[in-house]
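See structure below.
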Amino acid sequence: MSAPIEARPEQRVLATRGLTVRFGGTRAVDALDLEVRSREIVGLIGPNGAGKTTTLNACAGTVRPAAGHVELLGVDVSSWTPAHRARHGLGRTFQRFALCDSLAVAENVGLAVEARHAGGRPWKCFLAPRGARTAQAARVRDALEMCGIADLAGRRVGSLSTGQRRLVELARAACGRSPVLLLDEPSSGLDPAETDAFARIVRNIVADTGASVLVVEHDMTLVREICAYLYVLDFGVHLCEGPTEAVLRDDRVRQAYLGNVEEPAHA
Amino acid sequence: MPAVNDYLPFVVSGVVAGSLLGLAAVGLVLSFRTSGLFNFAHGAIAAAGAYVFYELKEIRGLSWPLAALLVLAVFAPAMGLLLERMAAGLHGVRAVYRIVATVGLLLVVQGLAAVRFGPATIPLNPFLPQGTVKIAGTFVSYEQLIGFGIAVVGVLGLLALFRFTKTGLRMRAVVDNPQLLSYEGDNPTSVRRGAWVISSVFACATGLLLAPSLGLDTVVLALLVVQAFGAAAVGRFGSIGATFVGGIAIGVASTLSAKFIGEHLPNSPFWAGIPDVAPFLVLFALLVVTPARKFFDVPGSNRTATGRAVTPRLHWEAVLALAVVAMLVPVFVDTSLSVWTTAASLVVVFLGLGLMVWTSGQVSLAHAAFAAIGAAAMSQFLDAGLPWGLALAAAGLIAVPVAVAVALPTLRLSGLYLALATFAFAVLLQQLVYPTQAMFGGGFRAVARPEISLFGLDLAGDRGYYYLCLSMAALAAATVFGVQRARLGRLLQANAESADAVAANGGDTTTIRTAVFCIAGFLASIGGALASGVTLQASSRGYGYTVGLTWVAVLALFGSRATVIRATAAAYALAVMPTQIHLDPGWYTAIFGAAAVAASLLSDRQFDLTRGWDRGRVASRLRRREFLPPRPVARPARAEVRA
Amino acid sequence: MLELRNVTAGYTGAPVLSDVDLVVPDGATVALLGPNGAGKTTLLRVAAGTLRPMRGTVLVDGTDVTGCQPHDLVKRGVCTVPEGRAVFPGLTVRENLTLFVGNRAAELDLAVRAFPTLGRRMNQRAGSMSGGEQQMLALARAYLQSPRLILLDEVSMGLAPVVVDEVFDFLAALRARGASLLLVEQYVGRALALADYVVLLSRGRVGFVGEPHELDEERIFQSYAGLEPVHAAASTEGAPR
């Protein structure tokens, strides 16, 4: 179930240093230092309002920090646009989905390859050479198979269920072969069976492509299943970090966050 | 040293005019905030109020207080209620159609006014007391004082309403979360009605108070109050107080700059135009400079898809039939062939516009300006001695840097503000640049046709030129189709539906949209150059901002896909129909406008939760298209997981 | 209190709910469960008046209210807490509460006493509060309107477990005041603990109606095809299947 407790890998792929984000007067994130190491799945948990999604958005570039730096694969990307960071190796999924409902699954996933070109050299956004199209199709197929939705390739995304759409977004992120993936509350809207399947797919992606993942989550089952290391935020401040089980058993964390652990309900 | 007294009268008149502008702008912002619909026809409502007043007072002989009362207490509220219904009908409609609808309304008012009252400016006798009183060393008329007073009272009253009454609170709440307001027990519709009525009354009041000094002229009045957009921009389309103050500031800047330019730069047509367009300069500058997030946005609008991603398919039979018909036209038409040639050149324009509007979700209200640039440039290059083909290509290319200059700073704005920016650009170009030597210089320029014979056809002759334009149109169609099927097309489609998705995967949306803007501008320019060759002259007439609006309205009539056939249909409807069925041109403007409004109301939309299934069902029956609902799905296929 | 008879409803095209009968007795709490896509939110929307059913009737206190708008239903004592955060983000907390109940100082005091966190943030923009605080504000409305029927759509979505505890405590308090509750919940265990009756929806039809203790795990398994009866259980709980 949970990853064996072992030493963290050496190489750092994503890091924030002193990250501070302010919304109006409140400090959503306060001087956060966070690291994701190579091939690691790191969880970011915390009570609501803790600043988890904000941290993710700051890493992705959609939110401007008031202070601090974001480092991606050894480069300081603090002033880069989200598209620029994506081209440098950052993939992400969205809590509320960013999918093209009118397009087919395969076309959505293919965006991971196509969009990259519009932003590199401007002329590249016009045409795709023939060889590139077949290569792209192959990559899309691989990503779909990895996520177990190969049979949905031709379906319109708008007709899919929430669980399937989560997988499409994940497939798109995987298709981009990004070394660093940001997942934003991926289990939101999934029932436990779907969450379970999702966890297995994420682990497979990490194993196959060597990606590293930072996942923001509320669902403790998913967190236990995939995360090796956890950071806990409370009111934007770093509360605690460490291997998953240790953190979940930490008294401070339990107090601030877990509260009464759910008991199996027998009415 | 200029004496203060020299400038004081200008300051006073600037303050008065500005306060009226501010009043109109406040009305605009109010309706925008409460119903999420930006009313491009706000100025036309003001003009309509003034026209109704004229009708009642001068033609029917009513006294001015009675006429004014009827306008403000009956006509204005009625318009407000009508607008509320229209806004409600546009709920859930795509952003493009929301713009097209009010643009259509603007055209309807302009057209009807032209039909009823003729195109000339009608002087309106002043009806308010004309005496003057001396204040601070300068003479101020009672009319000016009353105008200023009404504006101030109106705006202060509204601010008080917002701050101190529950109605005002409800108006703010309905912007934030209209469905929740319903759950509170308040009917959002009645809240919105109130806002639209107030907005309408403010607009009509402004029209009544400005008409005596400007005369009744739909274009001038509509334009003047449209200048209220500039004041609204100062308030970032959200803050009422700032909007009003902005209006006053713009008014003063206008009059002061008029005096200054009149004294120091009397002979330049460029500078002479500046005071009139100061509000537009302000609008354009603010749109470009302000950080996008500071503008008020309709909640959720940036998450709404601006377009739909559809892969274009080539309908061989239809296109072939169309080509055959087009080639046979000169056989059947003799004297009015020039009309068909103009239509062919318009096809080029519409192809680019369609690509931009439907595939990219960006509405450009400035396309006529690009066509004007093409026509003027063509003439310039021909004068300079370039061969015809090169001159045409150069005319097209010269539009590209202009497109980039307009696009780059404004593309980060959402669809509505982009449309506004293009609108401001169109007006600016028309007022400031058309009269200069670089373009039309207040007159017209000669444009020649190619002196070549090809396949035994004299291209300078009517028939030859027709086939030349036709082949250009075919070339443009092939190019646009190619772009849509290529990577850029795919990226455009994806970007229209989910810009987040494209950005998160490395796609620079600015690059994509600038590229499309450039293509559209290029094609518009070429179309304009070709069209000028029909009449052998290029003048500013025919490229006014109204033309740009009409183009968008007509384009919207032919569905929401960027296909060759639809672009062709739109072009021919615009160019050929008016010559076949002879009506007052005002009627055509009104008809196109009304049709655009209807098309917007009937367009397919995201499912409208507040009305239940009826509406969706009717719409789908009308269109025989399947909306895909959130069906209960069979348990999703379980993920194949490797061991 | 609330009755749905033969309700068929959907958006466009095929209906999402087919022939659904549902009764919420006075003062009772009914939990509406089912897998994703079963039509739970659609059913709540029909009950709230947001969505007009294609067929069937909705009755509140015996009166036919099918097709009534939500603001009409509020007068009949129906309070809806929709999915997401049901607040006005651009208004301050005080203004939100004022809209809920008017400016009566007594009512506002009541709200502040019940929700001290809100009391501290009266002049803060609701949109800048955390998700949990916004949800508290949304629920304050349910408290202040003293409704007879409360419709709740996944109020615990996206909230931390300790906040979910507070929410359910609060729901129990509402129930103690005599209100009827119809709630859609993803935390099956908590919903079962709170409810008097359970309705299981599957593919737009009612699969099971009864009391929580009648609902055995097998039944739930069948319906959810592999769902654990307890959400977010400790890892010692067996994996599905």
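Residue numbering restarts at 1 in every chain; chains get A, B, ... in the order shown in the structure tokens, and ligands count up from 1 in that same order.
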
Residue list for chain B near chain A as a PyMOL selection string, 6 Å, only C-alpha atoms: chain B and resi 309+486-488+497-498+500-508+639-640

Those same residues - N, CA and C atoms - I'd like them written as a compact mmCIF listing (two decimals), in the first residue's frame.
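Saved as result-v8.txt:
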```
# COMPACT_ATOMS: atom_id res chain seq x y z
N ALA B 309 -14.44 23.66 -30.80
CA ALA B 309 -13.42 23.05 -31.63
C ALA B 309 -14.07 22.07 -32.59
N ALA B 486 -4.33 22.52 -40.36
CA ALA B 486 -2.95 22.35 -39.90
C ALA B 486 -2.86 22.56 -38.40
N ARG B 487 -1.67 22.52 -37.93
CA ARG B 487 -1.44 22.62 -36.49
C ARG B 487 -2.04 23.90 -35.92
N LEU B 488 -1.86 25.01 -36.63
CA LEU B 488 -2.38 26.27 -36.08
C LEU B 488 -3.87 26.17 -35.86
N GLU B 497 -11.46 26.69 -26.65
CA GLU B 497 -12.23 25.98 -25.63
C GLU B 497 -11.56 25.99 -24.27
N SER B 498 -10.26 25.92 -24.24
CA SER B 498 -9.59 25.88 -22.95
C SER B 498 -8.18 26.44 -23.07
N ASP B 500 -6.42 27.47 -20.74
CA ASP B 500 -5.61 26.90 -19.67
C ASP B 500 -4.89 25.65 -20.14
N ALA B 501 -5.65 24.83 -20.87
CA ALA B 501 -5.06 23.57 -21.32
C ALA B 501 -3.86 23.83 -22.22
N VAL B 502 -4.04 24.77 -23.13
CA VAL B 502 -2.95 25.06 -24.06
C VAL B 502 -1.74 25.62 -23.31
N ALA B 503 -1.99 26.53 -22.40
CA ALA B 503 -0.88 27.14 -21.66
C ALA B 503 -0.16 26.11 -20.81
N ALA B 504 -0.93 25.24 -20.17
CA ALA B 504 -0.31 24.26 -19.29
C ALA B 504 0.49 23.23 -20.07
N ASN B 505 0.31 23.17 -21.38
CA ASN B 505 1.08 22.23 -22.18
C ASN B 505 2.13 22.92 -23.02
N GLY B 506 2.41 24.14 -22.69
CA GLY B 506 3.52 24.82 -23.33
C GLY B 506 3.12 25.75 -24.46
N GLY B 507 1.83 25.89 -24.71
CA GLY B 507 1.44 26.73 -25.83
C GLY B 507 1.29 28.18 -25.42
N ASP B 508 1.95 29.03 -26.12
CA ASP B 508 1.87 30.44 -25.83
C ASP B 508 0.64 31.00 -26.54
N ALA B 639 -9.46 0.46 -15.12
CA ALA B 639 -8.14 0.73 -15.68
C ALA B 639 -7.33 -0.55 -15.77
N GLU B 640 -6.76 -0.72 -16.92
CA GLU B 640 -5.86 -1.86 -17.08
C GLU B 640 -4.57 -1.53 -16.36
```

Could you tell me, as an mmCIF file with N, CA and C atoms, in the first residue's frame, which residues of range 21-148 of chain C DSSP assigns to strand (DSSP E or B) when given the backbone?
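Dumped everything to part24.cif:
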```cif
data_model
loop_
_atom_site.group_PDB
_atom_site.id
_atom_site.type_symbol
_atom_site.label_atom_id
_atom_site.label_comp_id
_atom_site.auth_asym_id
_atom_site.auth_seq_id
_atom_site.Cartn_x
_atom_site.Cartn_y
_atom_site.Cartn_z
ATOM 1 N N ASP C 21 -39.282 8.260 -7.316
ATOM 2 C CA ASP C 21 -40.185 8.601 -6.213
ATOM 3 C C ASP C 21 -39.349 8.784 -4.967
ATOM 4 N N LEU C 22 -39.611 9.848 -4.262
ATOM 5 C CA LEU C 22 -38.816 10.114 -3.063
ATOM 6 C C LEU C 22 -39.684 10.841 -2.054
ATOM 7 N N VAL C 23 -39.568 10.466 -0.814
ATOM 8 C CA VAL C 23 -40.311 11.170 0.237
ATOM 9 C C VAL C 23 -39.354 11.550 1.347
ATOM 10 N N VAL C 24 -39.431 12.784 1.774
ATOM 11 C CA VAL C 24 -38.691 13.208 2.964
ATOM 12 C C VAL C 24 -39.731 13.565 4.007
ATOM 13 N N THR C 29 -34.163 12.947 8.360
ATOM 14 C CA THR C 29 -32.964 13.187 7.565
ATOM 15 C C THR C 29 -32.821 12.057 6.563
ATOM 16 N N VAL C 30 -32.760 12.402 5.318
ATOM 17 C CA VAL C 30 -32.631 11.399 4.266
ATOM 18 C C VAL C 30 -31.282 11.570 3.592
ATOM 19 N N ALA C 31 -30.535 10.484 3.508
ATOM 20 C CA ALA C 31 -29.252 10.523 2.815
ATOM 21 C C ALA C 31 -29.448 9.969 1.415
ATOM 22 N N LEU C 32 -28.934 10.682 0.451
ATOM 23 C CA LEU C 32 -29.057 10.280 -0.948
ATOM 24 C C LEU C 32 -27.684 9.817 -1.415
ATOM 25 N N LEU C 33 -27.574 8.535 -1.662
ATOM 26 C CA LEU C 33 -26.263 8.003 -2.022
ATOM 27 C C LEU C 33 -26.293 7.413 -3.416
ATOM 28 N N ARG C 55 -40.971 15.277 -16.513
ATOM 29 C CA ARG C 55 -42.255 14.675 -16.121
ATOM 30 C C ARG C 55 -42.278 14.542 -14.622
ATOM 31 N N GLY C 56 -43.466 14.425 -14.059
ATOM 32 C CA GLY C 56 -43.560 14.182 -12.638
ATOM 33 C C GLY C 56 -43.873 15.440 -11.861
ATOM 34 N N THR C 57 -44.089 15.264 -10.566
ATOM 35 C CA THR C 57 -44.437 16.413 -9.729
ATOM 36 C C THR C 57 -43.552 16.486 -8.503
ATOM 37 N N VAL C 58 -43.416 17.695 -8.018
ATOM 38 C CA VAL C 58 -42.687 17.954 -6.788
ATOM 39 C C VAL C 58 -43.685 18.583 -5.819
ATOM 40 N N LEU C 59 -43.769 18.023 -4.638
ATOM 41 C CA LEU C 59 -44.713 18.576 -3.664
ATOM 42 C C LEU C 59 -43.997 18.953 -2.387
ATOM 43 N N VAL C 60 -44.298 20.126 -1.906
ATOM 44 C CA VAL C 60 -43.781 20.567 -0.612
ATOM 45 C C VAL C 60 -44.984 20.768 0.293
ATOM 46 N N THR C 63 -48.328 20.640 -1.353
ATOM 47 C CA THR C 63 -48.667 21.565 -2.428
ATOM 48 C C THR C 63 -47.776 21.317 -3.632
ATOM 49 N N ASP C 64 -48.371 21.312 -4.798
ATOM 50 C CA ASP C 64 -47.608 21.081 -6.017
ATOM 51 C C ASP C 64 -46.764 22.306 -6.334
ATOM 52 N N VAL C 78 -38.001 26.159 2.202
ATOM 53 C CA VAL C 78 -36.974 25.285 1.633
ATOM 54 C C VAL C 78 -35.668 26.067 1.529
ATOM 55 N N CYS C 79 -34.606 25.486 2.028
ATOM 56 C CA CYS C 79 -33.311 26.153 1.945
ATOM 57 C C CYS C 79 -32.342 25.239 1.211
ATOM 58 N N THR C 80 -31.696 25.767 0.208
ATOM 59 C CA THR C 80 -30.772 24.948 -0.578
ATOM 60 C C THR C 80 -29.343 25.414 -0.355
ATOM 61 N N VAL C 81 -28.479 24.461 -0.061
ATOM 62 C CA VAL C 81 -27.052 24.761 0.006
ATOM 63 C C VAL C 81 -26.409 24.005 -1.150
ATOM 64 N N THR C 92 -18.827 41.336 1.530
ATOM 65 C CA THR C 92 -18.221 40.978 2.813
ATOM 66 C C THR C 92 -19.116 39.977 3.540
ATOM 67 N N ARG C 125 -13.909 40.178 2.695
ATOM 68 C CA ARG C 125 -14.568 39.708 1.489
ATOM 69 C C ARG C 125 -14.713 38.195 1.572
#
```

Best match for closeness to Leu408 in chain B among B:Ala499, B:Ala590, B:Ile512, B:Ala478, counting only C-alpha atoms: B:Ile512

Residue neighbourhood range 44-55 of chain B, 8 Å, only C-alpha atoms, exclusion window fewer than 4 positions, as a list in words: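 These residues fall inside the cut-off: Ile59, Arg60, Ala67, Ala68, Val71, Leu72, Phe75, Ala76, Met79, Leu106, Val109, Gln110, Ala113, Leu124, Ser200, Ala203, Cys204, Ala205, Thr206, Gly207, Leu208, Ala211, Leu216, Asp217, Thr218, Leu221, Ala222 and Val225 of chain B.
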
Atomic separation - CA of Thr342 in chain B relative to CA of Ala318 in chain B, Å: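 Those two atoms sit 21.8 Å apart.
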
Just want the 9 Å neighbourhood of Arg64 in chain A, counted on only C-alpha atoms, with same-chain residues fewer than 3 positions away dropped. Output as a compact mmCIF listing (two decimals) with C-alpha atoms, in the first residue's frame.
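Result file is result_8.txt:
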```txt
# COMPACT_ATOMS: atom_id res chain seq x y z
CA VAL A 21 1.95 34.42 -1.77
CA ARG A 22 -0.40 37.14 -0.66
CA ASN A 57 -0.30 27.38 -8.74
CA ALA A 58 2.81 29.28 -7.76
CA GLY A 61 3.22 29.92 -12.72
CA ALA A 67 8.50 36.69 -2.48
CA SER A 78 10.17 32.34 -10.82
CA SER A 79 9.55 34.85 -13.55
```

Selection: 8 Å around Leu201 in chain C, only C-alpha atoms, excl. self and same-chain fewer than 3 positions, as a list in words: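 So, after excluding close chain neighbours, the residues are Leu32, Leu33, Gly34, Pro35, Ala38, Gly39, Lys40, Gly204, Arg205, Val206, Gly207 and Phe208 of chain C.
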
Report as JSON lines the residues of chain C within 8 Å of chain B, each with its shortest atom pair and distance in Å (one decimal), using only C-alpha atoms, ordered by chain and increasing residue number.
```
{"residue": "C:Ala9", "atom": "CA", "partner": "B:Trp613", "partner_atom": "CA", "distance": 8.0}
{"residue": "C:Gly10", "atom": "CA", "partner": "B:Trp613", "partner_atom": "CA", "distance": 6.8}
{"residue": "C:Tyr11", "atom": "CA", "partner": "B:Trp613", "partner_atom": "CA", "distance": 5.3}
{"residue": "C:Thr12", "atom": "CA", "partner": "B:Gly616", "partner_atom": "CA", "distance": 5.6}
{"residue": "C:Gly13", "atom": "CA", "partner": "B:Pro629", "partner_atom": "CA", "distance": 6.4}
{"residue": "C:Ala14", "atom": "CA", "partner": "B:Arg631", "partner_atom": "CA", "distance": 7.1}
{"residue": "C:Pro15", "atom": "CA", "partner": "B:Arg631", "partner_atom": "CA", "distance": 7.6}
{"residue": "C:Val16", "atom": "CA", "partner": "B:Arg631", "partner_atom": "CA", "distance": 6.1}
{"residue": "C:Gly37", "atom": "CA", "partner": "B:Pro632", "partner_atom": "CA", "distance": 4.7}
{"residue": "C:Ala38", "atom": "CA", "partner": "B:Pro632", "partner_atom": "CA", "distance": 5.7}
{"residue": "C:Gly39", "atom": "CA", "partner": "B:Pro632", "partner_atom": "CA", "distance": 7.3}
{"residue": "C:Thr50", "atom": "CA", "partner": "B:Thr610", "partner_atom": "CA", "distance": 5.5}
{"residue": "C:Leu51", "atom": "CA", "partner": "B:Gly612", "partner_atom": "CA", "distance": 4.6}
{"residue": "C:Arg52", "atom": "CA", "partner": "B:Gly612", "partner_atom": "CA", "distance": 4.6}
{"residue": "C:Pro53", "atom": "CA", "partner": "B:Gly612", "partner_atom": "CA", "distance": 7.2}
{"residue": "C:Met54", "atom": "CA", "partner": "B:Trp613", "partner_atom": "CA", "distance": 6.9}
{"residue": "C:Gln69", "atom": "CA", "partner": "B:Ser182", "partner_atom": "CA", "distance": 7.9}
{"residue": "C:Pro70", "atom": "CA", "partner": "B:Tyr183", "partner_atom": "CA", "distance": 5.7}
{"residue": "C:His71", "atom": "CA", "partner": "B:Gly185", "partner_atom": "CA", "distance": 3.9}
{"residue": "C:Asp72", "atom": "CA", "partner": "B:Gly185", "partner_atom": "CA", "distance": 6.6}
{"residue": "C:Leu73", "atom": "CA", "partner": "B:Gly185", "partner_atom": "CA", "distance": 7.7}
{"residue": "C:Val74", "atom": "CA", "partner": "B:Gly185", "partner_atom": "CA", "distance": 5.3}
{"residue": "C:Lys75", "atom": "CA", "partner": "B:Gly185", "partner_atom": "CA", "distance": 6.9}
{"residue": "C:Cys79", "atom": "CA", "partner": "B:Tyr183", "partner_atom": "CA", "distance": 6.9}
{"residue": "C:Thr80", "atom": "CA", "partner": "B:Tyr183", "partner_atom": "CA", "distance": 6.3}
{"residue": "C:Ala86", "atom": "CA", "partner": "B:Leu180", "partner_atom": "CA", "distance": 6.5}
{"residue": "C:Val87", "atom": "CA", "partner": "B:Leu180", "partner_atom": "CA", "distance": 7.3}
{"residue": "C:Phe88", "atom": "CA", "partner": "B:Asp176", "partner_atom": "CA", "distance": 5.6}
{"residue": "C:Pro89", "atom": "CA", "partner": "B:Asp176", "partner_atom": "CA", "distance": 6.5}
{"residue": "C:Gly90", "atom": "CA", "partner": "B:Asp176", "partner_atom": "CA", "distance": 6.1}
{"residue": "C:Leu91", "atom": "CA", "partner": "B:Ala173", "partner_atom": "CA", "distance": 7.2}
{"residue": "C:Glu95", "atom": "CA", "partner": "B:Leu169", "partner_atom": "CA", "distance": 7.6}
{"residue": "C:Leu99", "atom": "CA", "partner": "B:Glu184", "partner_atom": "CA", "distance": 7.3}
{"residue": "C:Phe100", "atom": "CA", "partner": "B:Glu184", "partner_atom": "CA", "distance": 6.1}
{"residue": "C:Arg203", "atom": "CA", "partner": "B:Pro632", "partner_atom": "CA", "distance": 5.3}
{"residue": "C:Gly204", "atom": "CA", "partner": "B:Pro632", "partner_atom": "CA", "distance": 7.0}
{"residue": "C:Ala225", "atom": "CA", "partner": "B:Arg635", "partner_atom": "CA", "distance": 8.0}
```

Please, could you write that set of residues out with C-alpha atoms as a JSON list (two decimals), in the first residue's frame?
```
[["chain", "number", "residue", "atom", "x", "y", "z"],
["C", 9, "ALA", "CA", -35.51, 14.99, -15.34],
["C", 10, "GLY", "CA", -32.47, 15.76, -17.36],
["C", 11, "TYR", "CA", -30.68, 18.52, -19.15],
["C", 12, "THR", "CA", -30.96, 17.93, -22.84],
["C", 13, "GLY", "CA", -31.29, 14.66, -24.62],
["C", 14, "ALA", "CA", -31.63, 11.57, -22.50],
["C", 15, "PRO", "CA", -32.97, 12.04, -19.00],
["C", 16, "VAL", "CA", -30.67, 11.68, -16.05],
["C", 37, "GLY", "CA", -23.43, 10.06, -12.50],
["C", 38, "ALA", "CA", -26.39, 8.44, -10.78],
["C", 39, "GLY", "CA", -28.33, 11.69, -10.71],
["C", 50, "THR", "CA", -33.57, 25.03, -10.21],
["C", 51, "LEU", "CA", -34.33, 22.37, -12.74],
["C", 52, "ARG", "CA", -37.79, 21.77, -14.06],
["C", 53, "PRO", "CA", -38.51, 18.08, -14.43],
["C", 54, "MET", "CA", -39.55, 16.70, -17.79],
["C", 69, "GLN", "CA", -38.54, 29.04, -9.08],
["C", 70, "PRO", "CA", -36.12, 28.65, -6.19],
["C", 71, "HIS", "CA", -36.98, 32.01, -4.70],
["C", 72, "ASP", "CA", -40.60, 30.96, -4.49],
["C", 73, "LEU", "CA", -39.65, 27.82, -2.66],
["C", 74, "VAL", "CA", -37.73, 29.77, -0.06],
["C", 75, "LYS", "CA", -41.01, 31.22, 1.09],
["C", 79, "CYS", "CA", -33.31, 26.15, 1.95],
["C", 80, "THR", "CA", -30.77, 24.95, -0.58],
["C", 86, "ALA", "CA", -22.72, 29.04, -1.62],
["C", 87, "VAL", "CA", -21.61, 32.54, -0.77],
["C", 88, "PHE", "CA", -21.31, 35.86, -2.56],
["C", 89, "PRO", "CA", -17.56, 36.15, -2.97],
["C", 90, "GLY", "CA", -17.50, 39.83, -3.82],
["C", 91, "LEU", "CA", -19.44, 40.88, -0.74],
["C", 95, "GLU", "CA", -23.19, 41.76, 3.64],
["C", 99, "LEU", "CA", -28.73, 39.35, 2.46],
["C", 100, "PHE", "CA", -29.58, 36.14, 4.18],
["C", 203, "ARG", "CA", -28.34, 5.25, -13.09],
["C", 204, "GLY", "CA", -31.18, 7.62, -12.50],
["C", 225, "ALA", "CA", -19.43, -2.03, -7.81]]
```

Between CA of Ile205 in chain A and CA of Val157 in chain A, distance in Å (one decimal):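 Between these atoms lies a distance of 21.9 Å.
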